[in-house]
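Engineer: For reference, this is upload13.cif, and it has mmCIF, C-alpha atoms.
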```cif
data_my_file
loop_
_atom_site.label_atom_id
_atom_site.label_comp_id
_atom_site.auth_asym_id
_atom_site.auth_seq_id
_atom_site.Cartn_x
_atom_site.Cartn_y
_atom_site.Cartn_z
CA MET A 1 27.11 31.31 -18.82
CA PHE A 2 29.83 29.29 -20.52
CA ARG A 3 29.31 26.43 -18.09
CA ALA A 4 25.52 26.59 -18.52
CA ALA A 5 26.04 26.16 -22.27
CA GLY A 6 28.34 23.17 -21.76
CA LEU A 7 31.46 25.17 -22.62
CA ASP A 8 34.78 25.43 -20.78
CA PRO A 9 35.38 29.07 -19.69
CA ASN A 10 39.11 28.29 -19.50
CA LYS A 11 39.10 27.61 -23.25
CA PRO A 12 37.68 30.83 -24.74
CA PRO A 13 37.35 31.24 -28.52
CA SER A 14 40.51 32.23 -30.38
CA THR A 15 39.08 32.37 -33.92
CA PHE A 16 36.02 33.85 -35.58
CA ASP A 17 34.63 30.39 -36.26
CA GLU A 18 35.07 29.29 -32.64
CA LEU A 19 33.42 32.47 -31.40
CA TYR A 20 30.45 31.92 -33.72
CA GLU A 21 29.99 28.28 -32.70
CA MET A 22 30.36 29.00 -28.98
CA GLY A 23 28.05 31.98 -29.29
CA LYS A 24 25.39 29.81 -30.93
CA LYS A 25 25.62 27.25 -28.14
CA ILE A 26 25.23 29.99 -25.54
CA VAL A 27 22.13 31.40 -27.26
CA GLU A 28 20.56 28.01 -28.07
CA SER A 29 21.09 26.77 -24.51
CA GLY A 30 19.30 29.81 -23.11
CA ALA A 31 22.36 30.75 -21.06
CA ALA A 32 22.23 34.27 -22.49
CA GLN A 33 20.27 36.35 -24.96
CA GLY A 34 23.36 36.85 -27.12
CA GLY A 35 26.89 35.59 -27.49
CA ILE A 36 28.95 38.80 -27.73
CA SER A 37 28.74 42.57 -27.89
CA PHE A 38 31.35 45.19 -28.84
CA GLY A 39 32.33 48.52 -27.40
CA TRP A 40 33.50 51.07 -30.00
CA PRO A 41 32.60 48.95 -33.09
CA ALA A 42 34.49 51.17 -35.57
CA TRP A 43 37.58 50.86 -33.35
CA VAL A 44 37.16 47.07 -33.26
CA PHE A 45 36.96 47.10 -37.07
CA GLU A 46 40.28 49.00 -37.14
CA GLN A 47 41.77 46.53 -34.65
CA MET A 48 40.77 43.61 -36.88
CA HIS A 49 42.80 45.13 -39.73
CA SER A 50 45.81 45.71 -37.50
CA VAL A 51 45.72 42.29 -35.81
CA HIS A 52 45.55 40.58 -39.22
CA GLY A 53 48.32 42.70 -40.76
CA GLN A 54 46.06 44.60 -43.16
CA PHE A 55 46.38 48.27 -44.09
CA TYR A 56 43.32 50.41 -43.29
CA ALA A 57 44.38 53.25 -45.60
CA ASN A 58 47.00 54.10 -48.22
CA ASN A 59 50.43 55.63 -47.68
CA GLU A 60 51.18 53.00 -45.02
CA ASN A 61 48.12 53.88 -42.96
CA GLY A 62 48.79 57.59 -43.37
CA ARG A 63 52.23 57.36 -41.79
CA ALA A 64 54.43 57.64 -44.90
CA ALA A 65 52.31 60.59 -46.08
CA LYS A 66 48.80 61.89 -45.45
CA ALA A 67 46.25 59.20 -46.27
CA THR A 68 44.09 59.98 -49.30
CA GLU A 69 42.17 56.72 -49.58
CA VAL A 70 40.78 54.14 -47.15
CA PHE A 71 41.20 50.41 -47.80
CA PHE A 72 38.58 49.04 -45.40
CA ASN A 73 36.24 48.13 -48.28
CA GLY A 74 38.79 45.63 -49.61
CA ASP A 75 38.46 41.85 -49.43
CA PHE A 76 39.51 41.67 -45.78
CA GLY A 77 37.15 44.35 -44.49
CA VAL A 78 34.29 42.80 -46.44
CA LYS A 79 35.04 39.39 -44.92
CA VAL A 80 35.02 40.77 -41.37
CA LEU A 81 31.76 42.70 -41.81
CA ALA A 82 30.11 39.73 -43.53
CA GLU A 83 31.01 37.60 -40.51
CA TRP A 84 29.47 40.17 -38.18
CA ILE A 85 26.27 40.20 -40.26
CA LYS A 86 26.11 36.40 -39.93
CA TRP A 87 26.68 36.66 -36.18
CA ALA A 88 23.96 39.30 -35.82
CA GLN A 89 21.40 37.20 -37.70
CA ALA A 90 22.11 34.24 -35.39
CA LYS A 91 21.90 36.53 -32.32
CA VAL A 92 25.51 35.65 -31.59
CA PHE A 93 26.27 39.38 -31.89
CA LEU A 94 24.09 41.90 -30.07
CA TYR A 95 24.75 45.53 -30.95
CA GLY A 96 25.69 47.53 -27.86
CA GLY A 97 26.09 51.11 -29.09
CA ARG A 98 29.10 53.13 -30.20
CA GLU A 99 31.00 53.54 -26.94
CA TYR A 100 30.63 51.92 -23.51
CA ASP A 101 26.95 50.87 -23.48
CA ALA A 102 27.93 47.32 -24.45
CA ASN A 103 29.48 46.99 -20.97
CA GLN A 104 26.00 47.03 -19.47
CA ALA A 105 24.84 44.22 -21.75
CA PHE A 106 27.74 42.15 -20.43
CA LEU A 107 27.24 43.08 -16.78
CA THR A 108 23.50 42.31 -16.94
CA LYS A 109 24.29 38.94 -18.55
CA GLN A 110 22.57 39.65 -21.84
CA VAL A 111 25.78 38.46 -23.53
CA ALA A 112 28.51 36.09 -22.38
CA MET A 113 31.39 37.85 -24.17
CA LEU A 114 32.50 41.42 -24.77
CA ILE A 115 35.14 43.14 -26.88
CA GLN A 116 36.01 46.41 -25.18
CA SER A 117 38.86 48.76 -24.38
CA THR A 118 41.20 47.52 -21.67
CA SER A 119 40.37 50.79 -19.91
CA SER A 120 37.11 49.12 -18.82
CA VAL A 121 38.74 46.14 -17.07
CA SER A 122 38.74 47.62 -13.57
CA SER A 123 35.21 49.02 -13.69
CA ILE A 124 33.75 45.79 -15.11
CA GLU A 125 35.59 43.63 -12.57
CA SER A 126 34.33 45.76 -9.70
CA LYS A 127 30.70 45.62 -10.89
CA ALA A 128 30.45 42.02 -12.15
CA ASP A 129 28.71 39.55 -9.83
CA PHE A 130 30.21 36.61 -11.72
CA GLU A 131 33.61 35.20 -12.63
CA MET A 132 35.20 37.14 -15.48
CA GLY A 133 38.19 36.29 -17.63
CA THR A 134 40.04 38.04 -20.45
CA THR A 135 41.65 36.67 -23.59
CA PHE A 136 43.20 37.80 -26.88
CA LEU A 137 41.11 39.19 -29.73
CA PRO A 138 39.71 36.47 -32.02
CA VAL A 139 41.33 36.08 -35.45
CA ILE A 140 40.60 34.69 -38.89
CA PRO A 141 43.28 32.06 -39.69
CA GLY A 142 45.39 32.45 -42.81
CA TYR A 143 46.37 36.11 -42.49
CA PRO A 144 49.74 37.63 -41.47
CA LYS A 145 50.34 38.11 -37.76
CA GLY A 146 49.89 41.76 -36.91
CA ASN A 147 49.26 43.38 -33.54
CA SER A 148 46.71 45.10 -31.37
CA VAL A 149 46.97 48.89 -31.48
CA ILE A 150 47.03 51.15 -28.44
CA GLY A 151 44.52 53.98 -28.25
CA GLY A 152 43.09 56.30 -25.66
CA ALA A 153 43.38 59.98 -24.84
CA THR A 154 46.36 62.26 -25.45
CA LEU A 155 47.46 65.48 -23.79
CA TRP A 156 48.31 68.57 -25.83
CA VAL A 157 49.81 71.91 -24.86
CA MET A 158 48.83 74.79 -27.13
CA LYS A 159 50.68 78.02 -27.91
CA GLY A 160 49.67 81.40 -26.54
CA HIS A 161 49.76 80.99 -22.75
CA THR A 162 51.75 82.80 -20.09
CA ASP A 163 55.01 81.54 -18.61
CA GLU A 164 53.19 80.98 -15.32
CA GLU A 165 50.59 78.79 -17.03
CA TYR A 166 53.28 76.76 -18.79
CA GLU A 167 55.06 76.27 -15.47
CA ALA A 168 51.81 74.97 -13.95
CA ILE A 169 51.26 72.65 -16.92
CA TRP A 170 54.79 71.28 -16.59
CA LYS A 171 54.25 70.62 -12.88
CA PHE A 172 51.00 68.82 -13.69
CA PHE A 173 52.76 66.63 -16.29
CA GLN A 174 55.50 65.85 -13.76
CA TYR A 175 52.79 64.76 -11.33
CA LEU A 176 51.17 62.49 -13.93
CA MET A 177 54.54 60.87 -14.67
CA LYS A 178 55.23 59.96 -11.05
CA THR A 179 55.67 56.22 -10.72
CA GLU A 180 53.04 55.80 -8.02
CA VAL A 181 50.48 57.99 -9.86
CA THR A 182 50.94 56.14 -13.16
CA ALA A 183 50.68 52.77 -11.43
CA GLU A 184 47.51 53.80 -9.59
CA TRP A 185 45.97 55.10 -12.83
CA HIS A 186 46.48 51.66 -14.37
CA LYS A 187 45.02 49.86 -11.34
CA SER A 188 41.95 52.10 -11.23
CA THR A 189 41.16 51.97 -14.95
CA GLY A 190 42.98 49.25 -16.86
CA TYR A 191 44.75 51.73 -19.13
CA PHE A 192 48.38 50.82 -19.81
CA PRO A 193 50.85 52.34 -17.31
CA THR A 194 52.86 54.84 -19.34
CA THR A 195 56.29 54.52 -17.72
CA ASN A 196 58.69 51.59 -17.32
CA SER A 197 59.13 52.46 -13.66
CA ALA A 198 55.38 52.01 -13.08
CA VAL A 199 55.43 48.62 -14.82
CA LYS A 200 58.35 47.54 -12.60
CA LYS A 201 56.52 48.73 -9.49
CA LEU A 202 53.40 46.77 -10.47
CA MET A 203 55.43 43.64 -11.20
CA ASP A 204 57.40 43.94 -7.95
CA GLU A 205 54.12 44.22 -6.03
CA GLY A 206 52.79 41.07 -7.70
CA TRP A 207 49.91 43.07 -9.19
CA PHE A 208 49.74 41.16 -12.48
CA ALA A 209 49.99 37.77 -10.77
CA GLU A 210 47.03 38.68 -8.56
CA ASN A 211 45.12 40.46 -11.34
CA PRO A 212 45.69 38.44 -14.54
CA ASN A 213 42.87 40.21 -16.40
CA HIS A 214 45.06 43.32 -16.40
CA LEU A 215 47.93 41.39 -17.99
CA THR A 216 46.14 40.10 -21.10
CA ALA A 217 46.39 43.28 -23.18
CA PHE A 218 50.12 43.53 -22.39
CA LEU A 219 50.75 39.95 -23.50
CA GLN A 220 48.69 40.46 -26.66
CA ILE A 221 50.81 43.41 -27.77
CA LEU A 222 54.11 41.83 -26.70
CA SER A 223 53.32 38.70 -28.73
CA GLY A 224 52.41 40.70 -31.84
CA THR A 225 54.67 42.01 -34.62
CA ARG A 226 56.01 45.46 -35.42
CA ILE A 227 55.02 45.85 -39.05
CA PRO A 228 53.68 49.00 -40.79
CA GLU A 229 50.24 47.42 -41.13
CA ALA A 230 50.01 47.11 -37.34
CA GLN A 231 51.23 50.55 -36.28
CA GLY A 232 47.80 52.16 -36.23
CA VAL A 233 46.18 54.40 -38.81
CA ARG A 234 46.36 58.21 -39.07
CA LEU A 235 43.50 59.88 -40.94
CA GLY A 236 42.51 63.50 -41.41
CA ASN A 237 39.26 64.19 -39.54
CA PHE A 238 39.36 60.67 -38.14
CA VAL A 239 36.41 61.28 -35.80
CA ALA A 240 34.13 61.96 -38.78
CA ILE A 241 35.38 58.84 -40.55
CA ARG A 242 34.74 56.71 -37.46
CA ASP A 243 31.18 58.03 -37.45
CA VAL A 244 30.82 56.88 -41.06
CA VAL A 245 32.16 53.41 -40.22
CA ASP A 246 29.94 53.11 -37.14
CA GLY A 247 26.96 53.95 -39.33
CA ALA A 248 28.01 51.32 -41.85
CA ILE A 249 28.25 48.64 -39.15
CA GLU A 250 24.85 49.62 -37.76
CA LYS A 251 23.34 49.36 -41.22
CA ALA A 252 25.00 46.01 -41.93
CA ILE A 253 23.77 44.20 -38.84
CA GLN A 254 20.17 45.05 -39.73
CA TYR A 255 20.45 43.09 -43.01
CA THR A 256 18.03 40.16 -43.19
CA GLY A 257 19.09 38.60 -46.50
CA THR A 258 21.47 35.74 -47.19
CA ASN A 259 24.19 37.28 -49.38
CA PHE A 260 26.35 38.53 -46.53
CA GLU A 261 29.49 39.40 -48.51
CA ALA A 262 27.65 41.26 -51.28
CA GLU A 263 25.79 43.36 -48.72
CA ALA A 264 28.96 43.99 -46.72
CA LYS A 265 30.75 45.08 -49.90
CA ARG A 266 27.92 47.43 -50.90
CA ILE A 267 27.81 49.06 -47.47
CA LEU A 268 31.59 49.40 -47.14
CA ASP A 269 31.98 50.80 -50.68
CA ASP A 270 29.51 53.52 -49.74
CA ALA A 271 31.31 54.19 -46.44
CA ALA A 272 34.68 54.31 -48.23
CA LYS A 273 33.34 56.83 -50.75
CA LYS A 274 32.15 59.09 -47.91
CA SER A 275 35.43 58.64 -46.03
CA ASN A 276 37.55 59.44 -49.08
CA THR A 277 35.55 62.66 -49.56
CA ILE A 278 36.34 63.59 -45.93
CA LEU A 279 40.05 62.93 -46.59
CA GLU A 280 39.94 65.00 -49.78
CA GLU A 281 38.34 67.93 -47.95
CA TYR A 282 40.92 67.65 -45.17
CA THR A 283 43.78 67.75 -47.70
CA LEU A 284 42.28 70.80 -49.43
CA ILE A 285 42.21 72.66 -46.10
CA TYR A 286 45.52 71.54 -44.58
CA GLY A 287 47.61 70.51 -47.60
CA LYS A 288 49.31 67.25 -48.47
#
```
As structure tokens, what does this structure read like?
Structural biologist:
Amino acid sequence: MFRAAGLDPNKPPSTFDELYEMGKKIVESGAAQGGISFGWPAWVFEQMHSVHGQFYANNENGRAAKATEVFFNGDFGVKVLAEWIKWAQAKVFLYGGREYDANQAFLTKQVAMLIQSTSSVSSIESKADFEMGTTFLPVIPGYPKGNSVIGGATLWVMKGHTDEEYEAIWKFFQYLMKTEVTAEWHKSTGYFPTTNSAVKKLMDEGWFAENPNHLTAFLQILSGTRIPEAQGVRLGNFVAIRDVVDGAIEKAIQYTGTNFEAEAKRILDDAAKKSNTILEEYTLIYGK
């Protein structure tokens, strides 16, 4: 699709402006219906804050103390959402749902680009009937250098079980931490391997040299900075707040007017008000 639009697939966009211009060429050339789609839009919005070294909430993203106020309706968040509105109006951005549905838009060649969790790399590679490459997240020049934030599932062990059950859980965790199991989990999904021994095994096997698309997310994080703004945000009832932000993004990309920033500000102010109420209710229940 890049080649059909007269673009070099080995020179993917690295900035918002480049992505917009390349996306327009792709659409105008008829190479694809749209330029890009996102998986997990609210998560991508969080990533944009982290990558650009911008706090998403107060109290150092909820890490110095419980967050009581979100910052995503500030100048930076407004700028990002205004850009996405512009992209949507030009059909550069096609909305692909809240989770993994955007993958299908990419695989069926409705869009030439996709922002998605690295956990989708293996499944997309195995299903794609075209050449696929990966690159770093696009940025807006002029902001501090932050970092991409890791995400994904976590495992918790709750109180109240028998000694026999805890013994079984411990054996299961030991199994998960085996070098070969962790390495295979990465190969099969794209999720980061969680032990240094698994990374060494993969490197010794030449896995990353043969599968460079699995290396991109590593290099992105290793080339980033360790600053509080890029450590990831902790929010009470985060799932509910992500629903609010997803709704705000969905509302924004339906806008048909011309004052992108004013509309983005209005929508994000409303989303921030709802999110701050969720944080207040969480604090009332669980304390500061």
Engineer: So, counting only C-alpha atoms, which residue among A:Gln54, A:Ser126, A:Gln254, A:Asn211 is closest to A:Asn73?
Structural biologist: A:Gln54
Engineer: In Å, with one decimal, what is the gap from atom CA of A:His161 to atom CA of A:Thr179?
Structural biologist: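 Answer for the atom CA of A:His161 to atom CA of A:Thr179 separation: 28.2 Å.
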Engineer: Residues near A:Gln110, anyone? I mean within 9 Å using only C-alpha atoms, not counting same-chain ones fewer than 3 positions away, as a PyMOL selection string.
Structural biologist: chain A and resi 31-36+94+104-107
Engineer: Do you know which residues are at most 12 Å from A:Ala271 counting only C-alpha atoms, after dropping those on the same chain fewer than 3 positions away, and could you put them as a ChimeraX atom specification?
Structural biologist: /A:42,69-74,77-78,240-252,264-268,274-278
Engineer: Name all residues at most 9 Å from stretch 14-24 of chain A (count only C-alpha atoms; drop same-chain ones fewer than 6 positions away) and give them as a list of chain:residue names.
Structural biologist: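 Counting only C-alpha atoms, the residues come to A:Phe2, A:Ala5, A:Leu7, A:Gly34, A:Gly35, A:Ile36, A:Glu83, A:Lys86, A:Trp87, A:Ala90, A:Lys91, A:Val92, A:Phe93, A:Val111, A:Ala112, A:Met113, A:Thr135, A:Phe136, A:Leu137, A:Pro138, A:Val139, A:Ile140, A:Pro141.
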Engineer: Since we have the selection now, will you write its residues out, keeping C-alpha atoms, as a short mmCIF file (atom, residue, chain, number, x, y, z; two decimals), in the coordinates of the input?
Structural biologist:
```cif
data_model
loop_
_atom_site.label_atom_id
_atom_site.label_comp_id
_atom_site.auth_asym_id
_atom_site.auth_seq_id
_atom_site.Cartn_x
_atom_site.Cartn_y
_atom_site.Cartn_z
CA PHE A 2 29.83 29.29 -20.52
CA ALA A 5 26.04 26.16 -22.27
CA LEU A 7 31.46 25.17 -22.62
CA GLY A 34 23.36 36.85 -27.12
CA GLY A 35 26.89 35.59 -27.49
CA ILE A 36 28.95 38.80 -27.73
CA GLU A 83 31.01 37.60 -40.51
CA LYS A 86 26.11 36.40 -39.93
CA TRP A 87 26.68 36.66 -36.18
CA ALA A 90 22.11 34.24 -35.39
CA LYS A 91 21.90 36.53 -32.32
CA VAL A 92 25.51 35.65 -31.59
CA PHE A 93 26.27 39.38 -31.89
CA VAL A 111 25.78 38.46 -23.53
CA ALA A 112 28.51 36.09 -22.38
CA MET A 113 31.39 37.85 -24.17
CA THR A 135 41.65 36.67 -23.59
CA PHE A 136 43.20 37.80 -26.88
CA LEU A 137 41.11 39.19 -29.73
CA PRO A 138 39.71 36.47 -32.02
CA VAL A 139 41.33 36.08 -35.45
CA ILE A 140 40.60 34.69 -38.89
CA PRO A 141 43.28 32.06 -39.69
#
```
Engineer: Apply the PyMOL selection byres ((chain A and resi 148) around 10) to the file shown and report the selected residues as a ChimeraX atom specification.
Structural biologist: /A:44,46-53,136-137,146-147,149-151,217-218,220-225,230-232
Engineer: From the block I gave, I'd like stretch 224-236 of chain A written with all heavy atoms, as a tab-separated table (two decimals), in the first residue's frame.
Structural biologist:
```
chain	number	residue	atom	x	y	z
A	224	GLY	N	14.16	5.29	25.35
A	224	GLY	CA	13.40	6.32	26.05
A	224	GLY	C	14.09	6.75	27.34
A	224	GLY	O	15.22	6.34	27.63
A	225	THR	N	13.41	7.58	28.12
A	225	THR	CA	13.98	8.10	29.37
A	225	THR	C	13.19	7.61	30.57
A	225	THR	O	12.00	7.31	30.46
A	225	THR	CB	13.97	9.64	29.37
A	225	THR	OG1	12.62	10.09	29.21
A	225	THR	CG2	14.81	10.20	28.25
A	226	ARG	N	13.86	7.56	31.71
A	226	ARG	CA	13.19	7.16	32.95
A	226	ARG	C	12.88	8.43	33.75
A	226	ARG	O	13.68	8.86	34.59
A	226	ARG	CB	14.07	6.21	33.76
A	226	ARG	CG	14.16	4.82	33.16
A	226	ARG	CD	14.95	3.89	34.07
A	226	ARG	NE	14.34	3.73	35.37
A	226	ARG	CZ	13.35	2.87	35.64
A	226	ARG	NH1	12.85	2.11	34.68
A	226	ARG	NH2	12.85	2.78	36.86
A	227	ILE	N	11.79	9.05	33.44
A	227	ILE	CA	11.33	10.23	34.16
A	227	ILE	C	9.95	9.95	34.74
A	227	ILE	O	9.25	9.07	34.24
A	227	ILE	CB	11.28	11.48	33.24
A	227	ILE	CG1	10.39	11.22	32.01
A	227	ILE	CG2	12.69	11.88	32.80
A	227	ILE	CD1	10.20	12.43	31.11
A	228	PRO	N	9.54	10.65	35.81
A	228	PRO	CA	8.23	10.36	36.42
A	228	PRO	C	7.07	10.44	35.44
A	228	PRO	O	6.12	9.66	35.54
A	228	PRO	CB	8.12	11.43	37.52
A	228	PRO	CG	9.53	11.78	37.86
A	228	PRO	CD	10.30	11.66	36.58
A	229	GLU	N	7.16	11.34	34.49
A	229	GLU	CA	6.08	11.51	33.52
A	229	GLU	C	5.90	10.28	32.62
A	229	GLU	O	4.84	10.10	32.02
A	229	GLU	CB	6.35	12.73	32.62
A	229	GLU	CG	6.29	14.06	33.34
A	229	GLU	CD	7.62	14.47	33.95
A	229	GLU	OE1	8.49	13.59	34.18
A	229	GLU	OE2	7.81	15.67	34.20
A	230	ALA	N	6.94	9.46	32.54
A	230	ALA	CA	6.92	8.31	31.63
A	230	ALA	C	6.91	6.97	32.36
A	230	ALA	O	7.27	5.95	31.80
A	230	ALA	CB	8.12	8.38	30.69
A	231	GLN	N	6.48	6.98	33.62
A	231	GLN	CA	6.45	5.73	34.39
A	231	GLN	C	5.10	5.05	34.37
A	231	GLN	O	4.89	4.02	34.99
A	231	GLN	CB	6.85	6.02	35.85
A	231	GLN	CG	8.30	6.45	36.02
A	231	GLN	CD	9.26	5.39	35.52
A	231	GLN	OE1	9.27	4.27	36.00
A	231	GLN	NE2	10.08	5.74	34.54
A	232	GLY	N	4.13	5.63	33.68
A	232	GLY	CA	2.79	5.05	33.65
A	232	GLY	C	1.93	5.62	34.76
A	232	GLY	O	2.42	6.01	35.82
A	233	VAL	N	0.64	5.70	34.51
A	233	VAL	CA	-0.27	6.36	35.44
A	233	VAL	C	-1.05	5.33	36.26
A	233	VAL	O	-1.40	4.26	35.77
A	233	VAL	CB	-1.23	7.31	34.67
A	233	VAL	CG1	-2.07	6.55	33.67
A	233	VAL	CG2	-2.11	8.10	35.63
A	234	ARG	N	-1.28	5.66	37.53
A	234	ARG	CA	-2.09	4.82	38.43
A	234	ARG	C	-3.32	5.62	38.83
A	234	ARG	O	-3.20	6.69	39.43
A	234	ARG	CB	-1.28	4.42	39.67
A	234	ARG	CG	-0.04	3.61	39.37
A	234	ARG	CD	0.78	3.36	40.63
A	234	ARG	NE	0.10	2.44	41.53
A	234	ARG	CZ	-0.15	2.69	42.80
A	234	ARG	NH1	0.19	3.85	43.32
A	234	ARG	NH2	-0.76	1.81	43.56
A	235	LEU	N	-4.50	5.12	38.51
A	235	LEU	CA	-5.75	5.81	38.83
A	235	LEU	C	-6.73	4.86	39.50
A	235	LEU	O	-6.82	3.69	39.12
A	235	LEU	CB	-6.40	6.36	37.55
A	235	LEU	CG	-5.60	7.38	36.73
A	235	LEU	CD1	-6.36	7.74	35.47
A	235	LEU	CD2	-5.32	8.64	37.55
A	236	GLY	N	-7.44	5.35	40.51
A	236	GLY	CA	-8.50	4.58	41.11
A	236	GLY	C	-9.61	4.34	40.11
A	236	GLY	O	-10.03	5.26	39.41
```
